[in-house]
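**Q** One file is attached below, final-v5.pdb, containing PDB, C-alpha atoms.
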ATOM      1  CA  MET B 234     -15.717  -9.822 -11.283
ATOM      2  CA  SER B 235     -17.529  -6.506 -11.006
ATOM      3  CA  GLU B 236     -17.391  -4.417  -7.865
ATOM      4  CA  SER B 237     -21.016  -3.381  -7.181
ATOM      5  CA  ASN B 238     -20.690  -1.573  -3.858
ATOM      6  CA  THR B 239     -20.204   2.143  -4.524
ATOM      7  CA  THR B 240     -20.090   3.264  -0.897
ATOM      8  CA  PRO B 241     -16.520   4.402  -0.152
ATOM      9  CA  THR B 242     -15.001   2.436   2.707
ATOM     10  CA  SER B 243     -11.551   1.656   4.076
ATOM     11  CA  GLN B 244     -12.521  -1.888   5.029
ATOM     12  CA  ARG B 245     -10.568  -3.385   2.130
ATOM     13  CA  PHE B 246      -7.347  -1.981   3.587
ATOM     14  CA  LEU B 247      -8.220  -3.224   7.091
ATOM     15  CA  ASP B 248      -9.001  -6.676   5.681
ATOM     16  CA  ALA B 249      -5.689  -6.689   3.812
ATOM     17  CA  ILE B 250      -3.597  -6.103   6.954
ATOM     18  CA  ALA B 251      -5.478  -8.685   9.034
ATOM     19  CA  LEU B 252      -3.036 -11.515   9.782
ATOM     20  CA  THR B 253      -3.631 -15.094  10.922
ATOM     21  CA  PRO B 254      -0.678 -16.587  12.830
ATOM     22  CA  THR B 255       0.382 -20.065  11.756
ATOM     23  CA  GLU B 256       3.263 -22.457  12.367
ATOM     24  CA  PRO B 257       6.424 -21.425  10.504
ATOM     25  CA  GLU B 258       7.849 -23.775   7.886
ATOM     26  CA  ARG B 259      11.002 -21.932   6.861
ATOM     27  CA  SER B 260      11.667 -19.135   9.366
ATOM     28  CA  ASP B 261      10.971 -17.992  12.935
ATOM     29  CA  HIS B 262       7.374 -16.757  12.579
ATOM     30  CA  ALA B 263       4.633 -17.160   9.982
ATOM     31  CA  PHE B 264       1.300 -15.552   9.124
ATOM     32  CA  PHE B 265      -1.421 -15.872   6.520
ATOM     33  CA  ALA B 266      -3.017 -12.828   4.871
ATOM     34  CA  THR B 267      -5.440 -12.452   1.970
ATOM     35  CA  THR B 268      -5.041 -10.180  -1.041
ATOM     36  CA  GLN B 269      -8.005  -7.955  -1.862
ATOM     37  CA  TYR B 270     -10.170  -7.496  -4.942
ATOM     38  CA  VAL B 271      -8.830  -5.519  -7.884
ATOM     39  CA  PRO B 272     -10.321  -5.573 -11.415
ATOM     40  CA  TRP B 273      -7.136  -7.008 -12.919
ATOM     41  CA  PRO B 274      -5.687 -10.521 -13.125
ATOM     42  CA  LYS B 275      -3.115 -10.090 -10.347
ATOM     43  CA  ALA B 276      -3.171  -8.610  -6.848
ATOM     44  CA  TYR B 277      -2.369  -5.018  -5.973
ATOM     45  CA  GLY B 278       1.272  -4.696  -4.901
ATOM     46  CA  GLY B 279       0.422  -2.554  -1.877
ATOM     47  CA  ASP B 280      -1.263  -5.589  -0.350
ATOM     48  CA  MET B 281       2.073  -7.371  -0.122
ATOM     49  CA  VAL B 282       3.974  -4.286   1.039
ATOM     50  CA  ALA B 283       1.541  -3.629   3.901
ATOM     51  CA  GLN B 284       1.059  -7.296   4.771
ATOM     52  CA  SER B 285       4.789  -7.941   4.981
ATOM     53  CA  ALA B 286       5.202  -4.856   7.176
ATOM     54  CA  ALA B 287       2.362  -6.039   9.412
ATOM     55  CA  ALA B 288       3.984  -9.473   9.709
ATOM     56  CA  ALA B 289       7.319  -7.923  10.676
ATOM     57  CA  MET B 290       5.621  -5.595  13.195
ATOM     58  CA  ALA B 291       3.965  -8.579  14.851
ATOM     59  CA  THR B 292       7.379  -9.997  15.801
ATOM     60  CA  VAL B 293       8.981  -7.002  17.555
ATOM     61  CA  GLY B 294       8.424  -5.412  20.956
ATOM     62  CA  ASP B 295       6.134  -2.457  21.571
ATOM     63  CA  ASP B 296       9.180  -0.318  22.437
ATOM     64  CA  ARG B 297      10.258   0.087  18.785
ATOM     65  CA  THR B 298       8.685   1.281  15.575
ATOM     66  CA  LEU B 299       9.221   0.663  11.864
ATOM     67  CA  HIS B 300      11.570   3.178  10.282
ATOM     68  CA  SER B 301      12.518   1.582   6.954
ATOM     69  CA  LEU B 302      11.115  -1.052   4.617
ATOM     70  CA  HIS B 303      12.679  -2.326   1.382
ATOM     71  CA  SER B 304      10.535  -4.511  -0.874
ATOM     72  CA  SER B 305      11.071  -6.609  -4.003
ATOM     73  CA  PHE B 306       8.291  -8.091  -6.143
ATOM     74  CA  LEU B 307       9.433 -11.452  -7.489
ATOM     75  CA  ARG B 308       6.274 -13.059  -8.919
ATOM     76  CA  PRO B 309       2.670 -11.987  -9.536
ATOM     77  CA  VAL B 310       0.208 -12.930  -6.771
ATOM     78  CA  ASP B 311      -3.391 -14.045  -7.302
ATOM     79  CA  VAL B 312      -6.289 -11.746  -6.446
ATOM     80  CA  GLU B 313      -8.383 -12.547  -3.338
ATOM     81  CA  SER B 314      -6.057 -15.362  -2.362
ATOM     82  CA  VAL B 315      -4.014 -16.400   0.662
ATOM     83  CA  VAL B 316      -0.328 -15.522   0.920
ATOM     84  CA  ARG B 317       2.000 -17.027   3.507
ATOM     85  CA  TYR B 318       4.456 -14.624   5.148
ATOM     86  CA  GLU B 319       7.504 -16.159   6.825
ATOM     87  CA  VAL B 320       9.447 -13.785   9.094
ATOM     88  CA  GLU B 321      13.113 -14.285   9.958
ATOM     89  CA  VAL B 322      14.434 -12.611  13.098
ATOM     90  CA  VAL B 323      17.706 -11.303  11.664
ATOM     91  CA  ARG B 324      18.756  -9.323  14.751
ATOM     92  CA  ASP B 325      17.390  -7.762  17.927
ATOM     93  CA  GLY B 326      19.736  -5.148  19.333
ATOM     94  CA  ARG B 327      19.406  -2.661  22.149
ATOM     95  CA  GLY B 328      18.102   0.074  19.854
ATOM     96  CA  TYR B 329      17.329  -1.639  16.545
ATOM     97  CA  SER B 330      15.660  -4.772  15.212
ATOM     98  CA  THR B 331      15.857  -6.220  11.707
ATOM     99  CA  ARG B 332      13.441  -8.627  10.050
ATOM    100  CA  GLN B 333      13.368 -10.304   6.668
ATOM    101  CA  VAL B 334       9.954 -11.308   5.354
ATOM    102  CA  ARG B 335       9.383 -13.797   2.548
ATOM    103  CA  ALA B 336       5.942 -14.176   0.985
ATOM    104  CA  TYR B 337       4.958 -17.472  -0.616
ATOM    105  CA  GLN B 338       2.075 -18.460  -2.842
ATOM    106  CA  HIS B 339       1.638 -21.863  -4.469
ATOM    107  CA  ASP B 340       4.837 -22.791  -2.593
ATOM    108  CA  LYS B 341       6.849 -20.268  -4.637
ATOM    109  CA  LEU B 342       8.610 -17.185  -3.322
ATOM    110  CA  ALA B 343       6.630 -14.196  -4.615
ATOM    111  CA  PHE B 344       7.749 -11.224  -2.525
ATOM    112  CA  LEU B 345      10.679 -10.271  -0.313
ATOM    113  CA  SER B 346      11.128  -7.409   2.136
ATOM    114  CA  THR B 347      13.544  -6.253   4.810
ATOM    115  CA  ALA B 348      12.230  -4.177   7.716
ATOM    116  CA  SER B 349      14.183  -2.187  10.286
ATOM    117  CA  PHE B 350      12.767  -1.037  13.619
ATOM    118  CA  GLN B 351      14.133   1.539  16.044
ATOM    119  CA  VAL B 352      13.543   2.407  19.682
ATOM    120  CA  PRO B 353      12.477   6.096  19.529
ATOM    121  CA  GLU B 354      15.066   8.528  20.849
ATOM    122  CA  GLY B 355      15.494  12.269  21.000
ATOM    123  CA  GLY B 356      17.517  14.305  18.517
ATOM    124  CA  PRO B 357      17.553  17.431  16.354
ATOM    125  CA  GLU B 358      14.291  18.218  14.588
ATOM    126  CA  PHE B 359      13.436  20.217  11.475
ATOM    127  CA  SER B 360      10.500  20.593   9.119
ATOM    128  CA  VAL B 361      10.054  21.455   5.457
ATOM    129  CA  SER B 362       7.490  24.027   4.353
ATOM    130  CA  LEU B 363       4.432  22.713   2.545
ATOM    131  CA  PRO B 364       4.814  23.270  -1.205
ATOM    132  CA  ASP B 365       2.567  25.807  -2.880
ATOM    133  CA  VAL B 366      -0.139  23.423  -4.092
ATOM    134  CA  PRO B 367      -3.944  23.457  -4.143
ATOM    135  CA  SER B 368      -5.703  22.267  -1.004
ATOM    136  CA  PRO B 369      -7.582  18.950  -1.256
ATOM    137  CA  GLU B 370     -10.908  20.824  -1.144
ATOM    138  CA  GLU B 371      -9.936  22.547  -4.406
ATOM    139  CA  LEU B 372      -9.297  19.266  -6.233
ATOM    140  CA  PRO B 373     -11.798  16.734  -7.632
ATOM    141  CA  ARG B 374     -12.339  13.297  -6.165
ATOM    142  CA  ALA B 375     -11.581  10.288  -8.338
ATOM    143  CA  ALA B 376     -15.332   9.645  -8.464
ATOM    144  CA  ASP B 377     -15.862  13.116  -9.939
ATOM    145  CA  VAL B 378     -13.128  12.677 -12.551
ATOM    146  CA  LEU B 379     -14.526   9.284 -13.591
ATOM    147  CA  ARG B 380     -18.235  10.109 -13.359
ATOM    148  CA  ASP B 381     -18.859   9.436 -17.064
ATOM    149  CA  VAL B 382     -16.514   6.449 -17.388
ATOM    150  CA  SER B 383     -18.216   3.058 -17.139
ATOM    151  CA  SER B 384     -15.866   0.182 -16.342
ATOM    152  CA  ASP B 385     -14.816  -2.056 -13.472
ATOM    153  CA  ALA B 386     -11.511  -0.174 -13.316
ATOM    154  CA  ALA B 387     -13.256   3.219 -13.045
ATOM    155  CA  GLU B 388     -15.535   1.917 -10.298
ATOM    156  CA  TYR B 389     -12.555   0.586  -8.390
ATOM    157  CA  TRP B 390     -10.548   3.807  -8.794
ATOM    158  CA  SER B 391     -13.572   5.817  -7.635
ATOM    159  CA  HIS B 392     -14.678   3.850  -4.584
ATOM    160  CA  GLY B 393     -12.689   0.678  -4.054
ATOM    161  CA  ARG B 394      -9.179   1.682  -2.984
ATOM    162  CA  SER B 395      -9.892   2.477   0.711
ATOM    163  CA  PHE B 396      -8.431   5.990   0.372
ATOM    164  CA  ASP B 397      -9.602   9.242  -1.166
ATOM    165  CA  GLN B 398      -6.754  10.410  -3.405
ATOM    166  CA  ARG B 399      -6.605  13.827  -5.069
ATOM    167  CA  HIS B 400      -3.896  14.437  -7.649
ATOM    168  CA  ILE B 401      -1.714  17.415  -8.484
ATOM    169  CA  PRO B 402      -1.849  17.984 -11.407
ATOM    170  CA  ALA B 403      -4.739  15.949 -12.876
ATOM    171  CA  PRO B 404      -4.929  12.171 -12.320
ATOM    172  CA  LEU B 405      -3.840   9.735 -15.016
ATOM    173  CA  PHE B 406      -6.724   7.256 -14.938
ATOM    174  CA  VAL B 407      -7.892   7.489 -18.554
ATOM    175  CA  ARG B 408      -6.031  10.482 -20.024
ATOM    176  CA  ASN B 409      -2.854  12.504 -19.756
ATOM    177  CA  ASP B 410      -3.325  16.270 -19.624
ATOM    178  CA  GLY B 411      -0.164  16.874 -21.648
ATOM    179  CA  SER B 412       2.110  17.893 -18.792
ATOM    180  CA  ASP B 413       5.359  15.937 -19.114
ATOM    181  CA  THR B 414       6.861  16.976 -15.774
ATOM    182  CA  PRO B 415       7.942  13.742 -13.999
ATOM    183  CA  HIS B 416       6.364  14.745 -10.725
ATOM    184  CA  VAL B 417       3.038  13.979  -9.040
ATOM    185  CA  GLY B 418       1.536  15.483  -5.893
ATOM    186  CA  LEU B 419      -1.057  13.528  -3.965
ATOM    187  CA  TRP B 420      -3.421  14.276  -1.096
ATOM    188  CA  VAL B 421      -4.473  11.042   0.611
ATOM    189  CA  ARG B 422      -7.072  10.391   3.307
ATOM    190  CA  ALA B 423      -8.777   7.170   4.394
ATOM    191  CA  PHE B 424     -12.489   7.018   3.588
ATOM    192  CA  ASP B 425     -13.141   5.880   7.181
ATOM    193  CA  THR B 426     -11.501   6.851  10.468
ATOM    194  CA  LEU B 427      -8.692   4.340  11.021
ATOM    195  CA  PRO B 428      -7.779   2.838  14.411
ATOM    196  CA  ASP B 429      -5.763   5.352  16.410
ATOM    197  CA  ASP B 430      -2.430   3.553  16.630
ATOM    198  CA  ALA B 431       0.898   4.256  14.976
ATOM    199  CA  ASN B 432       1.261   0.828  13.356
ATOM    200  CA  THR B 433      -2.042   1.072  11.474
ATOM    201  CA  HIS B 434      -1.171   4.504  10.116
ATOM    202  CA  GLN B 435       2.283   3.337   9.013
ATOM    203  CA  LEU B 436       0.661   0.351   7.311
ATOM    204  CA  ALA B 437      -1.780   2.703   5.578
ATOM    205  CA  ILE B 438       1.141   4.631   4.069
ATOM    206  CA  ALA B 439       2.794   1.374   3.014
ATOM    207  CA  TYR B 440      -0.463   0.136   1.484
ATOM    208  CA  VAL B 441      -1.251   3.256  -0.520
ATOM    209  CA  CYS B 442       2.282   3.893  -1.833
ATOM    210  CA  ASP B 443       2.007   1.544  -4.810
ATOM    211  CA  TYR B 444      -1.048   3.274  -6.301
ATOM    212  CA  SER B 445       0.903   6.241  -7.631
ATOM    213  CA  ILE B 446       4.517   5.072  -7.673
ATOM    214  CA  LEU B 447       4.607   4.819 -11.500
ATOM    215  CA  GLU B 448       2.726   8.038 -12.212
ATOM    216  CA  PRO B 449       5.794  10.311 -12.542
ATOM    217  CA  SER B 450       7.096   7.979 -15.272
ATOM    218  CA  LEU B 451       3.684   7.742 -16.971
ATOM    219  CA  ARG B 452       3.415  11.532 -17.018
ATOM    220  CA  ALA B 453       6.921  11.979 -18.421
ATOM    221  CA  LEU B 454       6.142   9.497 -21.215
ATOM    222  CA  GLY B 455       2.744  10.993 -22.051
ATOM    223  CA  LEU B 456       0.929   7.830 -20.919
ATOM    224  CA  HIS B 457      -1.921   7.026 -18.533
ATOM    225  CA  TRP B 458      -3.161   3.950 -16.665
ATOM    226  CA  SER B 459      -5.569   2.977 -19.477
ATOM    227  CA  SER B 460      -2.881   3.204 -22.168
TER
END
Rewrite the coordinates I just gave you, this time as structure tokens.

**A**
Amino acid sequence: MSESNTTPTSQRFLDAIALTPTEPERSDHAFFATTQYVPWPKAYGGDMVAQSAAAAMATVGDDRTLHSLHSSFLRPVDVESVVRYEVEVVRDGRGYSTRQVRAYQHDKLAFLSTASFQVPEGGPEFSVSLPDVPSPEELPRAADVLRDVSSDAAEYWSHGRSFDQRHIPAPLFVRNDGSDTPHVGLWVRAFDTLPDDANTHQLAIAYVCDYSILEPSLRALGLHWSS
């Protein structure tokens, strides 16, 4: 399948986190969600991370927010296909809630996550200074880096991931610039303005995290995504 729409949009992310409630079969709550197009045989892992977080969020009160999420990928999931998320209410306490989410496809367990929620409370605060890195305006877009590369993967990396991502140092789409430092900096911004609520922005971070999670290792090994 070739992705023909070259207008950057964040709709793919919003479609990914759209849930359909259904009757649970194995746990306390259940939802359907659909994985989104990628130009590879199996679905993007961030779909499952964000969808499982969205399913867990849908089962807790508005007084608490997600503060940790641990995920395990057990089986590959089909592209543009329905996944069933079953949510177990592990515990609801006065200040914390815990959920376990199991994702099924073809009646097989494909993904597992545990989410913890906390009622916000006051406490000491601190901040870390921004590292000395180029601003996003100084860095090329993926579309600029891949302007002369013709492939479904390049088109997807350029326009189809819902977020503009600018890498420090250079991205690893089709080449490695020779730096073997196992570290990657990333500026990320949604192509479109997202709904102004905390859950959506947390889900955006969960969704985008899997795009670059392997890049420090690729850089250290002198590899790139097209290797």

**Q** From the options B:Val320, B:Glu388, B:Arg374, B:Phe359, which residue's atoms come nearest to B:Phe424, counting only C-alpha atoms?

**A** B:Arg374

**Q** Between B:Gly418, B:Ala288, B:Arg324, B:Cys442, which one has atoms that come closest to B:Leu363, using only C-alpha atoms?

**A**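 Ranked by minimum distance to B:Leu363, first place goes to B:Gly418.
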
**Q** Residues within 12 Å of B:His339, please, as a list of chain:residue names. Count all atoms listed in the file; anything in the same chain fewer than 5 positions from it doesn't count.

**A**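 The neighbour list is B:Arg308, B:Pro309, B:Val310, B:Asp311, B:Ser314, B:Val315, B:Val316, B:Arg317.
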
**Q** Nearest to B:Glu321 among B:Asp429, B:Asp261, B:Asp385, B:Asp377, with distances taken over all atoms listed in the file: which residue is it?

**A**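 Smallest separation from B:Glu321 among the options: B:Asp261.
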
**Q** For stretch 329-334 of chain B, please output as a PyMOL selection string all residues within 12 Å (counting all atoms listed in the file; exclusion window: fewer than 6 positions along the same chain).

**A** chain B and resi 257+259-264+281-305+316-323+342-354

**Q** One number please: atom CA of B:Arg408 to atom CA of B:Ala375, in Å, one decimal.

**A**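 Separating atom CA of B:Arg408 from atom CA of B:Ala375 is a distance of 12.9 Å.
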
**Q** One decimal, in Å: what's the spacing between atom CA of B:Tyr440 and atom CA of B:Pro373?

**A**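 Between atom CA of B:Tyr440 and atom CA of B:Pro373 the gap works out to 22.1 Å.
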
**Q** Evaluate the PyMOL selection byres ((chain B and resi 242-248) around 8) on the structure here and hand back the selected residues as a list in words.

**A**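 Matching residues under the PyMOL selection byres ((chain B and resi 242-248) around 8) are Thr240, Pro241, Ala249, Ile250, Ala251, Thr267, Gln269, His392, Gly393, Arg394, Ser395, Phe396, Ala423, Phe424, Asp425, Leu427, Ala437 and Tyr440 of chain B.
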
**Q** Keeping only C-alpha atoms, write the selected residues to a file as a PDB file, in the frame of the given file.

**A**
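Produced file again.pdb, reproduced below:
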ATOM      1  CA  THR B 240     -20.090   3.264  -0.897  1.00  0.00           C
ATOM      2  CA  PRO B 241     -16.520   4.402  -0.152  1.00  0.00           C
ATOM      3  CA  ALA B 249      -5.689  -6.689   3.812  1.00  0.00           C
ATOM      4  CA  ILE B 250      -3.597  -6.103   6.954  1.00  0.00           C
ATOM      5  CA  ALA B 251      -5.478  -8.685   9.034  1.00  0.00           C
ATOM      6  CA  THR B 267      -5.440 -12.452   1.970  1.00  0.00           C
ATOM      7  CA  GLN B 269      -8.005  -7.955  -1.862  1.00  0.00           C
ATOM      8  CA  HIS B 392     -14.678   3.850  -4.584  1.00  0.00           C
ATOM      9  CA  GLY B 393     -12.689   0.678  -4.054  1.00  0.00           C
ATOM     10  CA  ARG B 394      -9.179   1.682  -2.984  1.00  0.00           C
ATOM     11  CA  SER B 395      -9.892   2.477   0.711  1.00  0.00           C
ATOM     12  CA  PHE B 396      -8.431   5.990   0.372  1.00  0.00           C
ATOM     13  CA  ALA B 423      -8.777   7.170   4.394  1.00  0.00           C
ATOM     14  CA  PHE B 424     -12.489   7.018   3.588  1.00  0.00           C
ATOM     15  CA  ASP B 425     -13.141   5.880   7.181  1.00  0.00           C
ATOM     16  CA  LEU B 427      -8.692   4.340  11.021  1.00  0.00           C
ATOM     17  CA  ALA B 437      -1.780   2.703   5.578  1.00  0.00           C
ATOM     18  CA  TYR B 440      -0.463   0.136   1.484  1.00  0.00           C
TER      19      TYR B 440
END

**Q** What lies within 12 Å of B:Ser368 using all atoms listed in the file, ignoring chain neighbours under 2 positions off, as a list of chain:residue names?

**A**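 That gives B:Leu363, B:Pro364, B:Asp365, B:Val366, B:Glu370, B:Glu371, B:Leu372, B:Pro373, B:Arg399, B:His400, B:Ile401, B:Pro402, B:Gly418, B:Leu419, B:Trp420, B:Val421.
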
**Q** Expanded to explicit residues, what is the PyMOL selection byres ((chain B and resi 459) around 10) for this file, as a list of chain:residue names?

**A**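 Answer for the PyMOL selection byres ((chain B and resi 459) around 10): B:Ala386, B:Leu405, B:Phe406, B:Val407, B:Arg408, B:Asn409, B:Leu456, B:His457, B:Trp458, B:Ser460.
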
**Q** For B:His416, which of B:Thr433, B:Pro404, B:Ala453, B:Asp397 is the closest residue, counting all atoms listed in the file?

**A** B:Ala453

**Q** For B:Ala336, which residue among B:Ser391, B:Glu258, B:Val271, B:Glu313 is the nearest when counting all atoms listed in the file?

**A** B:Glu258

**Q** Could you state the separation of atom CA of B:Phe306 and atom CA of B:Thr253 in Å, given to one decimal place?

**A**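 Between atom CA of B:Phe306 and atom CA of B:Thr253 the gap is 22.0 Å.
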
**Q** Given the file shown, enumerate the residues that the PyMOL selection byres ((chain B and resi 413) around 7) captures and present them as a PyMOL selection string.

**A** chain B and resi 411-412+414-415+452-455
